Amino acid sequence: QLHLVESGGGLVQPGGSLRLSCVASGSNLDRYAIGWFRQAPGKEHEVVACVSRGDVDSVKGRFTVSRDNAKNTVYLQMNNLKPEDTAVYSCAASTDYCSNLLHFYDYRGQGTQVTVSA
């Protein structure tokens, strides 16, 4: 059983950066594709970025997902943040491959709040 815990969220000004962490226990994260999702109030879950099994990192615009296998942790680096990036961000693990659909993943953390505001 894989357990995921996110951290690193908070309040940041527009244009700022944040790095979120997804720490795993119960299994090695390098066995999984790891996706980061977000959900803003009143909206559906939206995929932010994903790193496939066997890959070290993945870049999608202002967002970079990277692995640190020694720490069993996956990071989401977010740059040039905008107010519309405000959401609860969560990580999810899949034994198969990256998907844009959250229900495709096998495990998911509780999430961390990111608020972008002046």
# chains A, B, ... in the order shown; residues from 1 in each chain; ligands from 1
$ residues_around --residues "Ser52 of chain A" --least-positions-apart "2" --cutoff "7 Å" --atoms "only C-alpha atoms" --output "list of chain:residue names"
A:Ala33, A:Ile34, A:Cys50, A:Gly54, A:Asp55, A:Tyr97, A:Cys98
$ residues_around --residues "Ser25 of chain A" --least-positions-apart "2" --cutoff "7 Å" --atoms "only C-alpha atoms" --output "PyMOL selection string"
chain A and resi 2-4+23+27
$ atom_distance --atom1 "atom CA of Arg19 of chain A" --atom2 "atom CA of Phe63 of chain A"
9.6 Å
$ residues_around --residues "segment 5-13 of chain A" --least-positions-apart "5" --cutoff "9 Å" --atoms "only C-alpha atoms" --output "list in words"
Leu18, Arg19, Leu20, Ser21, Cys22, Val23, Ala24, Ser25, Leu81, Lys82, Pro83, Val88, Tyr89, Ser90, Cys91, Arg108, Gly109, Gln110, Gly111, Thr112, Gln113, Val114, Thr115, Val116, Ser117 and Ala118 of chain A
$ write_last_selection --atoms "C-alpha atoms" --output "compact mmCIF listing (two decimals), in the first residue's frame"
# COMPACT_ATOMS: atom_id res chain seq x y z
CA LEU A 18 6.76 27.46 -4.98
CA ARG A 19 8.05 23.92 -4.75
CA LEU A 20 5.63 21.26 -3.60
CA SER A 21 6.75 17.89 -2.26
CA CYS A 22 5.08 14.50 -2.48
CA VAL A 23 6.64 12.08 -0.01
CA ALA A 24 5.84 8.39 -0.30
CA SER A 25 5.87 5.54 2.18
CA LEU A 81 2.60 31.85 -10.51
CA LYS A 82 -0.68 33.53 -11.38
CA PRO A 83 -3.89 34.03 -9.40
CA VAL A 88 -5.54 22.43 -3.92
CA TYR A 89 -2.66 20.50 -5.42
CA SER A 90 -2.33 16.76 -4.97
CA CYS A 91 -0.04 14.05 -6.24
CA ARG A 108 -3.57 9.84 -4.26
CA GLY A 109 -2.57 12.18 -1.44
CA GLN A 110 -4.78 14.58 0.49
CA GLY A 111 -3.46 17.71 -1.17
CA THR A 112 -1.91 21.03 -0.20
CA GLN A 113 -3.42 24.48 -0.70
CA VAL A 114 -1.70 26.99 -2.98
CA THR A 115 -2.98 30.56 -2.99
CA VAL A 116 -1.61 33.15 -5.40
CA SER A 117 -2.59 36.63 -4.35
CA ALA A 118 -1.14 40.08 -3.85
$ select_by_dssp --residues "chain A" --states "strand (DSSP E or B)" --output "ChimeraX atom specification"
/A:3-7,10-12,18-25,33-39,46-51,57-60,63-68,73-78,87-94,107-108,112-116
$ write_last_selection --atoms "C-alpha atoms" --output "PDB file, in the first residue's frame"
ATOM      1  CA  HIS A   3       0.846   6.392   1.107  1.00  0.00           C
ATOM      2  CA  LEU A   4       1.397   9.890  -0.311  1.00  0.00           C
ATOM      3  CA  VAL A   5       1.730  13.133   1.636  1.00  0.00           C
ATOM      4  CA  GLU A   6       2.014  16.536  -0.001  1.00  0.00           C
ATOM      5  CA  SER A   7       3.559  19.645   1.528  1.00  0.00           C
ATOM      6  CA  GLY A  10       1.031  28.368   0.981  1.00  0.00           C
ATOM      7  CA  LEU A  11       0.433  31.969   0.006  1.00  0.00           C
ATOM      8  CA  VAL A  12       2.600  33.451  -2.734  1.00  0.00           C
ATOM      9  CA  LEU A  18       6.765  27.460  -4.984  1.00  0.00           C
ATOM     10  CA  ARG A  19       8.055  23.920  -4.752  1.00  0.00           C
ATOM     11  CA  LEU A  20       5.633  21.258  -3.596  1.00  0.00           C
ATOM     12  CA  SER A  21       6.753  17.892  -2.259  1.00  0.00           C
ATOM     13  CA  CYS A  22       5.078  14.502  -2.481  1.00  0.00           C
ATOM     14  CA  VAL A  23       6.644  12.076  -0.007  1.00  0.00           C
ATOM     15  CA  ALA A  24       5.839   8.391  -0.296  1.00  0.00           C
ATOM     16  CA  SER A  25       5.875   5.536   2.178  1.00  0.00           C
ATOM     17  CA  ALA A  33       4.161   7.323 -12.863  1.00  0.00           C
ATOM     18  CA  ILE A  34       3.469  10.378 -10.691  1.00  0.00           C
ATOM     19  CA  GLY A  35       0.979  13.021 -11.688  1.00  0.00           C
ATOM     20  CA  TRP A  36       0.251  16.345 -10.062  1.00  0.00           C
ATOM     21  CA  PHE A  37      -3.340  17.536 -10.173  1.00  0.00           C
ATOM     22  CA  ARG A  38      -5.098  20.619  -8.932  1.00  0.00           C
ATOM     23  CA  GLN A  39      -8.663  21.510  -8.120  1.00  0.00           C
ATOM     24  CA  GLU A  46      -6.985  19.310 -13.767  1.00  0.00           C
ATOM     25  CA  VAL A  47      -3.678  17.642 -14.516  1.00  0.00           C
ATOM     26  CA  VAL A  48      -0.701  19.948 -14.022  1.00  0.00           C
ATOM     27  CA  ALA A  49       2.197  17.721 -15.034  1.00  0.00           C
ATOM     28  CA  CYS A  50       3.291  14.103 -14.822  1.00  0.00           C
ATOM     29  CA  VAL A  51       6.563  12.177 -14.776  1.00  0.00           C
ATOM     30  CA  ASP A  57      11.780  14.845 -14.662  1.00  0.00           C
ATOM     31  CA  SER A  58       9.153  16.366 -16.922  1.00  0.00           C
ATOM     32  CA  VAL A  59       8.482  19.973 -17.890  1.00  0.00           C
ATOM     33  CA  LYS A  60       5.119  21.426 -18.816  1.00  0.00           C
ATOM     34  CA  PHE A  63       5.646  23.514 -14.080  1.00  0.00           C
ATOM     35  CA  THR A  64       8.414  20.942 -13.608  1.00  0.00           C
ATOM     36  CA  VAL A  65       7.994  17.541 -11.977  1.00  0.00           C
ATOM     37  CA  SER A  66      11.155  15.864 -10.731  1.00  0.00           C
ATOM     38  CA  ARG A  67      12.084  12.791  -8.726  1.00  0.00           C
ATOM     39  CA  ASP A  68      14.513  12.255  -5.868  1.00  0.00           C
ATOM     40  CA  THR A  73       9.955  12.110  -3.075  1.00  0.00           C
ATOM     41  CA  VAL A  74       8.566  13.797  -6.166  1.00  0.00           C
ATOM     42  CA  TYR A  75       8.573  17.580  -6.472  1.00  0.00           C
ATOM     43  CA  LEU A  76       6.474  20.068  -8.392  1.00  0.00           C
ATOM     44  CA  GLN A  77       8.343  23.287  -9.121  1.00  0.00           C
ATOM     45  CA  MET A  78       5.962  26.096 -10.048  1.00  0.00           C
ATOM     46  CA  ALA A  87      -6.076  25.513  -6.045  1.00  0.00           C
ATOM     47  CA  VAL A  88      -5.542  22.435  -3.924  1.00  0.00           C
ATOM     48  CA  TYR A  89      -2.656  20.497  -5.421  1.00  0.00           C
ATOM     49  CA  SER A  90      -2.331  16.762  -4.972  1.00  0.00           C
ATOM     50  CA  CYS A  91      -0.036  14.048  -6.245  1.00  0.00           C
ATOM     51  CA  ALA A  92      -1.196  10.694  -7.567  1.00  0.00           C
ATOM     52  CA  ALA A  93       0.597   7.465  -8.445  1.00  0.00           C
ATOM     53  CA  SER A  94      -0.097   5.060 -11.270  1.00  0.00           C
ATOM     54  CA  TYR A 107      -3.098   6.205  -5.129  1.00  0.00           C
ATOM     55  CA  ARG A 108      -3.567   9.837  -4.263  1.00  0.00           C
ATOM     56  CA  THR A 112      -1.908  21.029  -0.198  1.00  0.00           C
ATOM     57  CA  GLN A 113      -3.417  24.483  -0.700  1.00  0.00           C
ATOM     58  CA  VAL A 114      -1.699  26.985  -2.980  1.00  0.00           C
ATOM     59  CA  THR A 115      -2.978  30.556  -2.985  1.00  0.00           C
ATOM     60  CA  VAL A 116      -1.612  33.148  -5.399  1.00  0.00           C
TER      61      VAL A 116
END
$ atom_distance --atom1 "atom CA of Lys71 of chain A" --atom2 "atom CA of Thr95 of chain A"
19.2 Å
$ residues_around --residues "Ala70 of chain A" --least-positions-apart "5" --cutoff "10 Å" --atoms "only C-alpha atoms" --output "PyMOL selection string"
chain A and resi 28-30
$ atom_distance --atom1 "atom CA of Gln1 of chain A" --atom2 "atom CA of His45 of chain A"
23.4 Å
$ closest_residue --among "A:Asn69, A:Gly26, A:Glu44, A:Gly16" --to "Leu102 of chain A" --atoms "only C-alpha atoms"
A:Glu44
$ decode --residues "chain A" --atoms "C-alpha atoms" --output "mmCIF file, in the first residue's frame"
data_model
loop_
_atom_site.group_PDB
_atom_site.id
_atom_site.type_symbol
_atom_site.label_atom_id
_atom_site.label_comp_id
_atom_site.auth_asym_id
_atom_site.auth_seq_id
_atom_site.Cartn_x
_atom_site.Cartn_y
_atom_site.Cartn_z
ATOM 1 C CA GLN A 1 0.000 0.000 0.000
ATOM 2 C CA LEU A 2 1.441 3.341 -1.086
ATOM 3 C CA HIS A 3 0.846 6.392 1.107
ATOM 4 C CA LEU A 4 1.397 9.890 -0.311
ATOM 5 C CA VAL A 5 1.730 13.133 1.636
ATOM 6 C CA GLU A 6 2.014 16.536 -0.001
ATOM 7 C CA SER A 7 3.559 19.645 1.528
ATOM 8 C CA GLY A 8 4.961 23.017 0.528
ATOM 9 C CA GLY A 9 1.781 24.887 -0.265
ATOM 10 C CA GLY A 10 1.031 28.368 0.981
ATOM 11 C CA LEU A 11 0.433 31.969 0.006
ATOM 12 C CA VAL A 12 2.600 33.451 -2.734
ATOM 13 C CA GLN A 13 2.472 36.683 -4.692
ATOM 14 C CA PRO A 14 1.849 36.697 -8.433
ATOM 15 C CA GLY A 15 5.093 36.063 -10.265
ATOM 16 C CA GLY A 16 6.518 34.068 -7.393
ATOM 17 C CA SER A 17 7.562 30.426 -7.180
ATOM 18 C CA LEU A 18 6.765 27.460 -4.984
ATOM 19 C CA ARG A 19 8.055 23.920 -4.752
ATOM 20 C CA LEU A 20 5.633 21.258 -3.596
ATOM 21 C CA SER A 21 6.753 17.892 -2.259
ATOM 22 C CA CYS A 22 5.078 14.502 -2.481
ATOM 23 C CA VAL A 23 6.644 12.076 -0.007
ATOM 24 C CA ALA A 24 5.839 8.391 -0.296
ATOM 25 C CA SER A 25 5.875 5.536 2.178
ATOM 26 C CA GLY A 26 5.044 1.881 1.779
ATOM 27 C CA SER A 27 6.695 1.461 -1.612
ATOM 28 C CA ASN A 28 9.285 3.000 -3.904
ATOM 29 C CA LEU A 29 8.023 5.871 -6.007
ATOM 30 C CA ASP A 30 10.251 4.967 -8.938
ATOM 31 C CA ARG A 31 7.827 2.102 -9.644
ATOM 32 C CA TYR A 32 5.074 4.594 -10.465
ATOM 33 C CA ALA A 33 4.161 7.323 -12.863
ATOM 34 C CA ILE A 34 3.469 10.378 -10.691
ATOM 35 C CA GLY A 35 0.979 13.021 -11.688
ATOM 36 C CA TRP A 36 0.251 16.345 -10.062
ATOM 37 C CA PHE A 37 -3.340 17.536 -10.173
ATOM 38 C CA ARG A 38 -5.098 20.619 -8.932
ATOM 39 C CA GLN A 39 -8.663 21.510 -8.120
ATOM 40 C CA ALA A 40 -9.872 25.078 -7.831
ATOM 41 C CA PRO A 41 -13.138 25.855 -6.039
ATOM 42 C CA GLY A 42 -16.115 24.857 -8.131
ATOM 43 C CA LYS A 43 -13.958 23.250 -10.818
ATOM 44 C CA GLU A 44 -12.970 19.745 -11.846
ATOM 45 C CA HIS A 45 -9.558 18.232 -11.203
ATOM 46 C CA GLU A 46 -6.985 19.310 -13.767
ATOM 47 C CA VAL A 47 -3.678 17.642 -14.516
ATOM 48 C CA VAL A 48 -0.701 19.948 -14.022
ATOM 49 C CA ALA A 49 2.197 17.721 -15.034
ATOM 50 C CA CYS A 50 3.291 14.103 -14.822
ATOM 51 C CA VAL A 51 6.563 12.177 -14.776
ATOM 52 C CA SER A 52 6.568 8.692 -16.261
ATOM 53 C CA ARG A 53 8.166 5.605 -14.790
ATOM 54 C CA GLY A 54 11.848 5.605 -15.696
ATOM 55 C CA ASP A 55 11.983 9.374 -16.235
ATOM 56 C CA VAL A 56 13.712 11.721 -13.826
ATOM 57 C CA ASP A 57 11.780 14.845 -14.662
ATOM 58 C CA SER A 58 9.153 16.366 -16.922
ATOM 59 C CA VAL A 59 8.482 19.973 -17.890
ATOM 60 C CA LYS A 60 5.119 21.426 -18.816
ATOM 61 C CA GLY A 61 5.274 25.149 -19.308
ATOM 62 C CA ARG A 62 5.791 26.838 -15.935
ATOM 63 C CA PHE A 63 5.646 23.514 -14.080
ATOM 64 C CA THR A 64 8.414 20.942 -13.608
ATOM 65 C CA VAL A 65 7.994 17.541 -11.977
ATOM 66 C CA SER A 66 11.155 15.864 -10.731
ATOM 67 C CA ARG A 67 12.084 12.791 -8.726
ATOM 68 C CA ASP A 68 14.513 12.255 -5.868
ATOM 69 C CA ASN A 69 14.524 8.492 -5.534
ATOM 70 C CA ALA A 70 16.910 8.572 -2.576
ATOM 71 C CA LYS A 71 14.273 10.539 -0.623
ATOM 72 C CA ASN A 72 11.327 8.690 -2.183
ATOM 73 C CA THR A 73 9.955 12.110 -3.075
ATOM 74 C CA VAL A 74 8.566 13.797 -6.166
ATOM 75 C CA TYR A 75 8.573 17.580 -6.472
ATOM 76 C CA LEU A 76 6.474 20.068 -8.392
ATOM 77 C CA GLN A 77 8.343 23.287 -9.121
ATOM 78 C CA MET A 78 5.962 26.096 -10.048
ATOM 79 C CA ASN A 79 7.286 29.349 -11.477
ATOM 80 C CA ASN A 80 5.753 32.690 -12.424
ATOM 81 C CA LEU A 81 2.605 31.854 -10.506
ATOM 82 C CA LYS A 82 -0.678 33.533 -11.383
ATOM 83 C CA PRO A 83 -3.891 34.034 -9.397
ATOM 84 C CA GLU A 84 -5.592 31.431 -11.574
ATOM 85 C CA ASP A 85 -3.111 28.853 -10.263
ATOM 86 C CA THR A 86 -4.857 29.037 -6.886
ATOM 87 C CA ALA A 87 -6.076 25.513 -6.045
ATOM 88 C CA VAL A 88 -5.542 22.435 -3.924
ATOM 89 C CA TYR A 89 -2.656 20.497 -5.421
ATOM 90 C CA SER A 90 -2.331 16.762 -4.972
ATOM 91 C CA CYS A 91 -0.036 14.048 -6.245
ATOM 92 C CA ALA A 92 -1.196 10.694 -7.567
ATOM 93 C CA ALA A 93 0.597 7.465 -8.445
ATOM 94 C CA SER A 94 -0.097 5.060 -11.270
ATOM 95 C CA THR A 95 1.423 1.615 -11.784
ATOM 96 C CA ASP A 96 0.995 2.123 -15.535
ATOM 97 C CA TYR A 97 1.599 5.423 -17.308
ATOM 98 C CA CYS A 98 0.764 9.108 -17.071
ATOM 99 C CA SER A 99 -2.839 10.068 -17.701
ATOM 100 C CA ASN A 100 -4.842 13.274 -17.651
ATOM 101 C CA LEU A 101 -7.589 11.460 -15.762
ATOM 102 C CA LEU A 102 -7.314 11.369 -11.978
ATOM 103 C CA HIS A 103 -9.449 8.234 -11.639
ATOM 104 C CA PHE A 104 -6.840 6.360 -13.682
ATOM 105 C CA TYR A 105 -4.349 6.600 -10.805
ATOM 106 C CA ASP A 106 -4.080 3.998 -8.078
ATOM 107 C CA TYR A 107 -3.098 6.205 -5.129
ATOM 108 C CA ARG A 108 -3.567 9.837 -4.263
ATOM 109 C CA GLY A 109 -2.569 12.178 -1.441
ATOM 110 C CA GLN A 110 -4.782 14.577 0.493
ATOM 111 C CA GLY A 111 -3.456 17.707 -1.166
ATOM 112 C CA THR A 112 -1.908 21.029 -0.198
ATOM 113 C CA GLN A 113 -3.417 24.483 -0.700
ATOM 114 C CA VAL A 114 -1.699 26.985 -2.980
ATOM 115 C CA THR A 115 -2.978 30.556 -2.985
ATOM 116 C CA VAL A 116 -1.612 33.148 -5.399
ATOM 117 C CA SER A 117 -2.587 36.633 -4.354
ATOM 118 C CA ALA A 118 -1.139 40.079 -3.851
#
